[in-house]
Amino acid sequence: MSEDHVAELVELLQLERLEDNLFRGQSRDIGTRFVFGGQVLGQALAAAQQTVDSDREAHSLHAYFLRAGDIEAPIVYSVERTRDGGSFSSRRVVAIQHGQPILNGSISFQQPEHGVEHQTSIPEVPAPDDLEPMRHLPPDELARLPVKLQRWLGIDGPFEFRQVWPRDEMHPVKRPPIQHIWFRLTAPIGDSAILHRALLAYASDFHLIGTATLPHGISYMTRNVQMASLDHALWFHRPFRVDEWLLYSFDSPTAQGGRGLARGQIFSRDGRLVASTAQEGLIRVRNGSAAESPAPAP
């Protein structure tokens with residue numbers, strides 16, 4: 001089953017080319033109400049990659065989520081070839097459904113070169129082999145949830161996650177806005193760096209904005225909470241494989257005005273910083289009570 005889920009995700013990132021700068025992708029229902037944001041990010045990157053020379057690698061992606069995506073409809077990706085310079089190429093991508101944009105993005109590519117180098121250190125956390133896999137809800141508790149949510153919480157997906165500090169999304173408690181999660185694909189794939197980057201773009205949307213809810217004892221499953229990703233930034237630093245363990249280290253420096261900001265750093269198991277992320281998301285508590293007493297800062 002793991003190999004089937006991974007193959008399905010890889011196929012999802014193989015877009016149909018309609019014209020030179022126009023591509024079409026399908027959607028995968030993973031139990032979310034709307035199209036998963038990571039899917040649109042991964043497909044947008046895959047579309048833009050097909051319009052640049054193969055020796056130019058994506059190093060940054062910046063996107064705004066404009067509308068919720070329809071899981072039942074394909075997504076068309078229109079790529080604008082903004083600039084091709086001596087070392088860098090820039091692309092603008094618009095994801096379109098039902099005649100309207102659902103995402104605007106800008107992606108920059110660079111021809112590999114050598115330069116000065118430094119990085120922050122990987123956090124001192126337990127290795128993934130020393131942590132328990134994320135647990136599914138008991139069948140009787142799962143059965144009481146809406147069908148969509150059952151699919152989200154009850155199936156084995158293409159990624160495996162192991163939390164350093166596990167959290168019960170059904171019964172969240174207040175804690176500082178920091179978390180560390182190991183993740184990897186559940187089956188090996190080939191060596192294409194392009195595919196590994198698209199898959200990391202997909203996975204980078206997991207758990208990110210949820211970090212901003214930690215101090216308030218709420219989650220996406222809290223009945224009076226409305227959450228949605230507003231934008232997403234992703235920087236690729238060093239080579240990596242998504243079918244090997246990666247540590248996603250999150251923090252949230254602020255939440256205000258119905259919005260929360262979260263940041264992430266992704267490390268390989270041997271300590272290399274391979275990518276960084278940032279995301280602002282909508283976090284509305286309808287009666288305001290859940291957010292009145294945040295947890296103390298670490």
# chains A, B, ... in the order shown; residues from 1 in each chain; ligands from 1
$ residues_around --residues "Arg263 of chain A" --least-positions-apart "6" --cutoff "10 Å" --atoms "only C-alpha atoms" --output "PyMOL selection string"
chain A and resi 178+208-209+211-212+232-234+249-253+276-280
$ residues_around --residues "Val93 of chain A" --least-positions-apart "3" --cutoff "7 Å" --atoms "only C-alpha atoms" --output "PyMOL selection string"
chain A and resi 44+48+77-80+104-106
$ residues_around --residues "Ile122 of chain A" --least-positions-apart "4" --cutoff "8 Å" --atoms "only C-alpha atoms" --output "NGL selection string"
:A and (267 or 271-273)
$ residues_around --residues "Phe161 of chain A" --least-positions-apart "5" --cutoff "8 Å" --atoms "only C-alpha atoms" --output "number ranges by chain"
A: 133-134, 181-184
$ write_last_selection --atoms "N, CA, C and O atoms" --output "JSON list (two decimals), in the first residue's frame"
[["chain", "number", "residue", "atom", "x", "y", "z"],
["A", 133, "PRO", "N", 5.79, 6.00, 15.52],
["A", 133, "PRO", "CA", 5.01, 6.56, 14.40],
["A", 133, "PRO", "C", 3.77, 7.26, 14.92],
["A", 133, "PRO", "O", 3.26, 6.94, 16.02],
["A", 134, "MET", "N", 3.27, 8.23, 14.17],
["A", 134, "MET", "CA", 2.03, 8.92, 14.56],
["A", 134, "MET", "C", 0.90, 7.90, 14.60],
["A", 134, "MET", "O", 0.75, 7.08, 13.70],
["A", 181, "ILE", "N", 9.43, 17.57, 13.72],
["A", 181, "ILE", "CA", 8.79, 16.38, 13.16],
["A", 181, "ILE", "C", 9.71, 15.77, 12.09],
["A", 181, "ILE", "O", 10.11, 16.46, 11.14],
["A", 182, "TRP", "N", 10.05, 14.51, 12.26],
["A", 182, "TRP", "CA", 10.77, 13.77, 11.22],
["A", 182, "TRP", "C", 9.76, 13.28, 10.18],
["A", 182, "TRP", "O", 8.65, 12.89, 10.53],
["A", 183, "PHE", "N", 10.15, 13.30, 8.92],
["A", 183, "PHE", "CA", 9.26, 12.78, 7.88],
["A", 183, "PHE", "C", 10.07, 12.21, 6.72],
["A", 183, "PHE", "O", 11.24, 12.56, 6.52],
["A", 184, "ARG", "N", 9.44, 11.33, 5.95],
["A", 184, "ARG", "CA", 10.03, 10.76, 4.75],
["A", 184, "ARG", "C", 8.93, 10.10, 3.93],
["A", 184, "ARG", "O", 7.86, 9.76, 4.45]]
$ residues_around --residues "Ser90 of chain A" --least-positions-apart "3" --cutoff "10 Å" --atoms "only C-alpha atoms" --output "CSV table (one decimal) with N, CA, C and O atoms, in the first residue's frame"
chain,number,residue,atom,x,y,z
A,48,ALA,N,6.7,25.1,-13.7
A,48,ALA,CA,7.7,26.0,-14.0
A,48,ALA,C,9.0,25.4,-14.4
A,48,ALA,O,9.7,25.8,-15.3
A,52,VAL,N,12.4,25.7,-18.0
A,52,VAL,CA,13.7,26.2,-17.9
A,52,VAL,C,14.7,25.1,-18.3
A,52,VAL,O,14.3,24.0,-18.4
A,58,ALA,N,15.6,24.9,-9.0
A,58,ALA,CA,14.8,25.8,-8.2
A,58,ALA,C,15.5,26.1,-6.9
A,58,ALA,O,16.0,25.2,-6.2
A,60,SER,N,14.1,29.1,-4.9
A,60,SER,CA,13.1,29.8,-4.1
A,60,SER,C,11.8,29.8,-4.8
A,60,SER,O,11.7,29.9,-6.0
A,80,GLU,N,4.6,32.1,-17.0
A,80,GLU,CA,5.1,33.3,-17.7
A,80,GLU,C,6.7,33.2,-17.5
A,80,GLU,O,7.2,33.2,-16.4
A,81,ARG,N,7.3,33.2,-18.7
A,81,ARG,CA,8.8,33.2,-18.7
A,81,ARG,C,9.3,34.6,-18.4
A,81,ARG,O,9.7,35.3,-19.3
A,82,THR,N,9.4,35.0,-17.2
A,82,THR,CA,9.7,36.4,-16.8
A,82,THR,C,11.1,36.8,-17.2
A,82,THR,O,11.3,37.9,-17.8
A,83,ARG,N,12.1,36.0,-17.0
A,83,ARG,CA,13.5,36.3,-17.3
A,83,ARG,C,14.4,35.1,-17.4
A,83,ARG,O,14.2,34.2,-16.5
A,84,ASP,N,15.3,35.1,-18.3
A,84,ASP,CA,16.4,34.1,-18.4
A,84,ASP,C,17.7,34.9,-18.5
A,84,ASP,O,18.0,35.4,-19.6
A,85,GLY,N,18.4,34.9,-17.4
A,85,GLY,CA,19.7,35.6,-17.4
A,85,GLY,C,20.8,34.6,-17.5
A,85,GLY,O,20.7,33.5,-17.8
A,106,SER,N,5.8,32.9,-7.7
A,106,SER,CA,7.0,33.2,-8.4
A,106,SER,C,8.1,32.2,-8.0
A,106,SER,O,8.2,31.9,-6.8
A,107,ILE,N,8.8,31.7,-9.0
A,107,ILE,CA,9.8,30.7,-8.7
A,107,ILE,C,11.1,31.1,-9.4
A,107,ILE,O,11.1,31.6,-10.6
A,108,SER,N,12.2,31.0,-8.7
A,108,SER,CA,13.5,31.4,-9.3
A,108,SER,C,14.4,30.2,-9.3
A,108,SER,O,14.4,29.3,-8.4
A,109,PHE,N,15.1,30.1,-10.4
A,109,PHE,CA,16.0,28.9,-10.7
A,109,PHE,C,17.5,29.5,-10.9
A,109,PHE,O,17.7,30.6,-11.4
A,110,GLN,N,18.4,28.7,-10.5
A,110,GLN,CA,19.8,29.1,-10.7
A,110,GLN,C,20.7,28.0,-11.2
A,110,GLN,O,20.5,26.8,-10.9
$ closest_residue --among "A:His207, A:Thr213, A:Ala198, A:Val285" --to "Gln39 of chain A" --atoms "only C-alpha atoms"
A:Ala198
$ closest_residue --among "A:Val242, A:Val164, A:Ile102, A:Val116" --to "Arg269 of chain A" --atoms "only C-alpha atoms"
A:Val242
$ residues_around --residues "Gln97 of chain A" --least-positions-apart "2" --cutoff "12 Å" --atoms "only C-alpha atoms" --output "ChimeraX atom specification"
/A:24-27,35,40,66-78,94-95,99-103
$ select_by_dssp --residues "segment 60-183 of chain A" --states "strand (DSSP E or B)" --output "PyMOL selection string"
chain A and resi 60-65+75-84+88-97+100-110+159-163+178-183
$ closest_residue --among "A:Asp168, A:Met227, A:Glu11, A:Gln119" --to "Ala275 of chain A" --atoms "only C-alpha atoms"
A:Gln119
